[in-house]
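Undergrad: Please read through the structure below; I'll follow up with questions.
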Amino acid sequence: MPITRTPIALDDLTALRIPSDPQTSPDGTRILFTLREADPEKPGRSRTTLWSVGVDGGDLRQLTAGPKDSQGRWSADGRTIAFVRSEPRGQGQIWPQLCLLPSDGGEARPLTKFAEGAIGWFSWSPDGTRIAVSYRQTDPRFTVSAAKARKERGESDPPRVLDELWYRLDGDGYFNAARFALHVVDAVTGKARVVFDGDTVGAFSADWSPASDALVITANVEREPLLAGWADRLFLCELPRSGGPRVRELRGAPDGPKTSVLWSPDGRRLAWAGREDRVDGLYSTENLGLWIADIVRTGTPALGKVRCVTDGTDFCLMAATLSDCADAAFAPIVRWGRGSDCVYTRIGVCGRGHVVSFPVDGSPATGRGTGRGAGRGSARKGAPTGPVTHTHAAGDHIPGSFSLDGSVMSMTLTTPASPPEIHVARVRNGRWRVDCLTTFNQRLLAARVVVEPVSHHVPATDGYRSQLWELRPPNIGGRRRTPGILLVHGGPHAQYGEVFFHEMQLLVAQGYTVFFGNPRGSKGYGRDHCAAIRGCWGTKDWDDVQGYLSFMEQHPGIDPKRLAIAGGSYGGYMTCWAIGHTTMLRCAITDRCVSNLLSMAGNSDYPDRPDEYWPGAVWERWEQRWESSPIKHMGAARTPTLVIHSEGDLRCNIEQSEEVFTALKTLGVPTRFVRYPASTSHGMSRTGPPDLRRHRLTEMLTWFQRWLKGVSSRHA
């Protein structure tokens with residue numbers, strides 16, 4: 001009997017199961033990954049557990065029970081899995097800790113005995129005897145035990161006394177002067193020692209040498225690193241079996257941001273994501289490139305030849321594709337080829353994400369990889385030199401890791417019709433075959449109507465064309481008119497694209513035609529497209545958005561009197577900008593917005609540095625920031641607007657929405673303010689508590705229902 005397919009529903013948000021972080025076993029037979037899903041017993045919580053699957057798609061196993069297990073990593077011999085457990089199932093243990101689990105089954109046991117704090121990332125040494133761990137101990141005044149003791153004594157919470165700009169991070173909270181440091185942990189005893197604590201941000205990257213005798217580190221050691229985001233350096237931390245670590249700077253790399261450093265399998269080269277720059281940090285309108293350097297360890301360690309292998313392309317390693325099924329993944333991915341002659345990475349382009357290899361010597365890779373991020377890369381005779389794209393299907397391919405022999409790469413792939421699932425790329429004779437291994441959402445999607453987007457290239461008011469997608473409700477005739485909703489992504493230097501987006505599918509299921517695009521300022525279309533709005537928001541980007549609205553207005557299937565705009569973060573900015581510059585919209589929803597670039601300069605976790613993104617300092621050359629601030633133009637707003645924000649948002653402070661709400665109420669514009677608790681952050685719509693994410697979507701549906709379909713609600 002055929003399955004009756006129904007539209008995507010609100011409750012499907014908590015039915016989705018999202019796998020991520022795939023890791024191939026050294027022998028290439030299994031893939032380890034993390035699965036996130038709503039906790040059926042606790043509506044306000046998600047659960048993360050570790051699973052594995054055979055590369056043939058069989059033998060799917062749940063390895064841990066959670067509720068907060070993640071970052072599973074194979075030991076070099078494949079016999080042990082290390083992972084981070086963030087919450088206990090019993091009492092008497094401080095969490096998070098690094099835990100070990102036999103790969104053939106059994107009980108996990110805590111390895112480390114860290115004090116209360118946070119674990120960032122970790123990495124096994126190639127010989128399997130040690131584990132490098134990024135760990136930050138909590139300020140002793142702000143631990144759980146300290147708070148409990150104060151409560152028992154009837155004391156107040158202590159003040160935060162701060163001396164540096166870097167004391168908080170959205171999603172991480174307030175950590176004051178505490179910083180992540182690099183620890184090395186004995187894989188048998190769990191004994192840990194600090195080997196590097198010089199990074200003043202704590203966002204350093206590091207990788208083991210193939211001989212397990214040293215770590216290479218990228219770090220910013222400036223006193224005020226937020227004022228010098230470009231000042232990352234490379235360090236060599238040698239770890240003799242006896243005696244303490246020896247840390248020396250590897251000189252020879254140009255100034256600029258650096259991250260995701262990786263040692264080549266033959267030990268002769270380093271690779272990292274970076275840029276030659278004395279102005280910007282990692283997040284920038286400028287392309288983030290792939291760098292290679294020879295490393296010399298005889299005598300005084302130093303870098304030899306240094307080159308950017310993405311020169312001559314217009315690719316950026318930091319072009320994230322946004323979705324509501326995963327947190328925004330801006331971190332660049334670097335994987336060495338097995339033969340040390342090519343490097344693999346993910347490139348975001350035109351709404352897609354692909355695995356691309358870059359030859360070290362200018363010749364293309366054949367496409368075999370290795371376990372520590374590898375691939376064999378001999379040039380084919382007569383083949384053109386330059387980068388090689390190994391994935392070609394629609395969607396966003398996020399590389400995991402290679403097997404030791406380079407014949408298997410794990411990855412996640414999401415498409416417009418499917419949330420992320422674990423995939424495997426089998427690499428033979430330079431050819432890649434990508435197959436799906438998991439089907440966590442297959443039964444759900446088989447019973448739902450999922451709409452595929454249609455792509456357009458739409459002219460702006462100045463004639464420039466940019467990409468816009470359309471999601472049309474199913475079973476709607478071409479000329480049956482529906483309301484139209486334009487969604488604007490955040491960033492702004494990211495991209496919308498061909499990925500599964502529950503919120504969009506839900507709106508389509510409610511009978512709205514949804515449009516989403518990549519106006520100037522987005523990544524994925526080259527440096528110039530992205531840099532067009534640097535220091536001048538509300539200009540070329542607004543030209544593109546006006547072009548989208550004009551396209552919608554003239555669309556034969558859209559009612560031009562029932563148009564709306566919505567967006568979060570920078571998308572919230574553009575929503576606020578739109579209601580101050582046009583009255584053509586029937587309603588709007590602004591989520592975690594930026595409204596005042598003057599106050600935003602000092603109240604974000606990443607403050608505005610003078611002469612970086614915006615010209616001058618905010619207290620001296622405020623004119624362009626103010627001209628680009630939606631609040632300056634709010635006096636013309638007449639559009640009914642729903643305002644959404646999290647009180648715990650440290651990226652875009654909630655006062656940005658408070659200004660908008662106050663202005664609209666003062667003007668007599670119909671508006672509503674939904675404030676989520678301080679326990680939520682900027683990414684609440686993607687990774688927040690399931691019950692609050694559901695509440696947010698309910699508020700949005702109610703608002704659109706009232707203003708686009710003419711149905712009032714006591715909640716609106």
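Order determines the names: the first chain of the structure tokens is A, the second B, and so forth; residues in each chain are numbered 1 upward, and ligands are numbered 1 upward as they are shown.
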Can you list, as a VMD selection string, all residues belonging to segment 362-600 of chain A that DSSP tags as helix (DSSP H, G or I)?

TA: chain A and resid 442 to 446 502 to 509 527 to 531 540 to 554 570 to 579 597 to 600

Undergrad: Could you give me, as a ChimeraX atom specification, each residue of segment 232-428 of chain A that DSSP assigns to strand (DSSP E or B) when run on this structure's backbone?

TA: /A:232-238,246-249,258-263,269-274,289-296,302-308,321,334-337,342-349,352-359,369,375,388-389,396-402,408-415,418-428

Undergrad: Go through A:Ala38, A:Val144, A:Cys237, A:Ala211 one by one, measure the shortest atom-to-atom distance of each to Ile18 of chain A using only C-alpha atoms, and give the residue with the smallest value.

TA: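 Checking each candidate against Ile18 of chain A, we get A:Ala38 as the closest.
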
Undergrad: Which residues come within 10 Å of Gly128 of chain A, counting only C-alpha atoms, excluding same-chain residues fewer than 5 positions away, as a list in words?

TA: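 Contacts, in chain order: Trp74, Ser75, Ala76, Asp77, Gly78, Thr80, Ser123, Asp186, Ala187, Val188 and Ser212 of chain A.
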
Undergrad: Which residues are close to Arg534 of chain A, i.e. within 9 Å by only C-alpha atoms, leaving aside same-chain residues fewer than 6 positions away? Reply as a list in words.

TA: Thr285, Gly521, Tyr613 and Trp614 of chain A

Undergrad: Would you kindly return, as a compact mmCIF listing (two decimals) with N, CA and C atoms, in the first residue's frame, each protein, DNA or RNA residue with an atom no farther than 12 Å from any atom of Arg693 of chain A, considering only C-alpha atoms and excluding same-chain residues fewer than 3 positions away?

TA:
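What landed in out-v2.txt:
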```txt
# COMPACT_ATOMS: atom_id res chain seq x y z
N LEU A 10 5.71 21.01 11.95
CA LEU A 10 6.48 21.63 13.03
C LEU A 10 7.16 20.58 13.89
N ASP A 11 6.45 19.51 14.20
CA ASP A 11 7.01 18.47 15.07
C ASP A 11 8.17 17.72 14.43
N ASP A 12 8.31 17.83 13.12
CA ASP A 12 9.43 17.16 12.46
C ASP A 12 10.77 17.71 12.91
N LEU A 13 10.75 18.94 13.44
CA LEU A 13 12.00 19.53 13.93
C LEU A 13 12.64 18.64 14.99
N THR A 14 11.83 18.10 15.90
CA THR A 14 12.37 17.27 16.97
C THR A 14 12.45 15.80 16.57
N ALA A 38 16.78 15.08 19.53
CA ALA A 38 16.06 15.57 20.69
C ALA A 38 15.93 14.46 21.72
N PRO A 43 12.18 17.64 26.94
CA PRO A 43 11.90 18.48 25.76
C PRO A 43 12.88 19.62 25.55
N GLY A 44 13.54 20.06 26.63
CA GLY A 44 14.46 21.18 26.50
C GLY A 44 15.89 20.79 26.25
N ARG A 45 16.15 19.52 25.90
CA ARG A 45 17.52 19.10 25.74
C ARG A 45 17.70 18.24 24.51
N SER A 46 18.89 18.33 23.94
CA SER A 46 19.30 17.41 22.88
C SER A 46 20.24 16.38 23.47
N ASP A 324 19.66 25.05 9.26
CA ASP A 324 19.19 24.97 10.64
C ASP A 324 19.30 23.56 11.19
N CYS A 325 20.01 22.67 10.46
CA CYS A 325 20.23 21.30 10.93
C CYS A 325 21.60 21.11 11.55
N HIS A 502 14.89 22.90 7.48
CA HIS A 502 13.56 22.58 7.99
C HIS A 502 12.65 23.80 8.00
N GLU A 503 13.17 24.94 8.45
CA GLU A 503 12.36 26.15 8.54
C GLU A 503 11.78 26.53 7.17
N ILE A 644 12.82 38.93 17.46
CA ILE A 644 13.24 37.74 18.21
C ILE A 644 14.70 37.89 18.62
N HIS A 645 15.03 37.54 19.85
CA HIS A 645 16.43 37.62 20.29
C HIS A 645 16.62 36.75 21.53
N SER A 646 17.85 36.30 21.75
CA SER A 646 18.23 35.55 22.95
C SER A 646 18.96 36.47 23.91
N TYR A 676 14.33 35.11 24.33
CA TYR A 676 14.66 33.79 24.85
C TYR A 676 15.68 33.92 25.98
N THR A 680 20.38 30.62 26.36
CA THR A 680 20.48 30.42 24.92
C THR A 680 21.44 31.45 24.33
N SER A 681 21.91 31.17 23.11
CA SER A 681 22.94 32.02 22.51
C SER A 681 22.54 32.41 21.08
N GLY A 683 23.24 31.13 18.31
CA GLY A 683 22.87 30.02 17.43
C GLY A 683 21.64 29.26 17.88
N MET A 684 20.77 29.89 18.65
CA MET A 684 19.62 29.19 19.22
C MET A 684 18.75 28.54 18.15
N SER A 685 18.56 29.17 17.00
CA SER A 685 17.67 28.62 15.98
C SER A 685 18.24 27.35 15.35
N ARG A 686 19.55 27.12 15.50
CA ARG A 686 20.19 25.95 14.90
C ARG A 686 20.44 24.84 15.91
N THR A 687 20.94 25.22 17.09
CA THR A 687 21.37 24.21 18.05
C THR A 687 20.83 24.47 19.45
N GLY A 688 19.84 25.33 19.58
CA GLY A 688 19.27 25.62 20.88
C GLY A 688 18.39 24.49 21.40
N PRO A 689 17.82 24.66 22.59
CA PRO A 689 16.92 23.65 23.15
C PRO A 689 15.76 23.35 22.20
N PRO A 690 15.45 22.08 21.99
CA PRO A 690 14.39 21.74 21.02
C PRO A 690 13.06 22.41 21.31
N ARG A 696 9.96 29.13 18.85
CA ARG A 696 10.33 30.18 17.89
C ARG A 696 9.60 30.01 16.56
N LEU A 697 9.59 28.79 16.05
CA LEU A 697 8.90 28.55 14.77
C LEU A 697 7.40 28.79 14.90
N THR A 698 6.84 28.46 16.06
CA THR A 698 5.41 28.72 16.27
C THR A 698 5.12 30.21 16.23
N GLU A 699 5.98 31.00 16.86
CA GLU A 699 5.80 32.46 16.83
C GLU A 699 5.89 32.99 15.39
N MET A 700 6.82 32.46 14.63
CA MET A 700 6.97 32.90 13.24
C MET A 700 5.74 32.54 12.41
```

Undergrad: So that I can check the surroundings of Gly490 of chain A, please list as number ranges by chain every protein, DNA and RNA residue that reaches within 7 Å of it, counting only C-alpha atoms and ignoring chain neighbours fewer than 4 positions away.

TA: A: 568-571

Undergrad: What lies within 10 Å of Arg251 of chain A using only C-alpha atoms, ignoring chain neighbours under 5 positions off, as a PyMOL selection string?

TA: chain A and resi 233-235+301-304
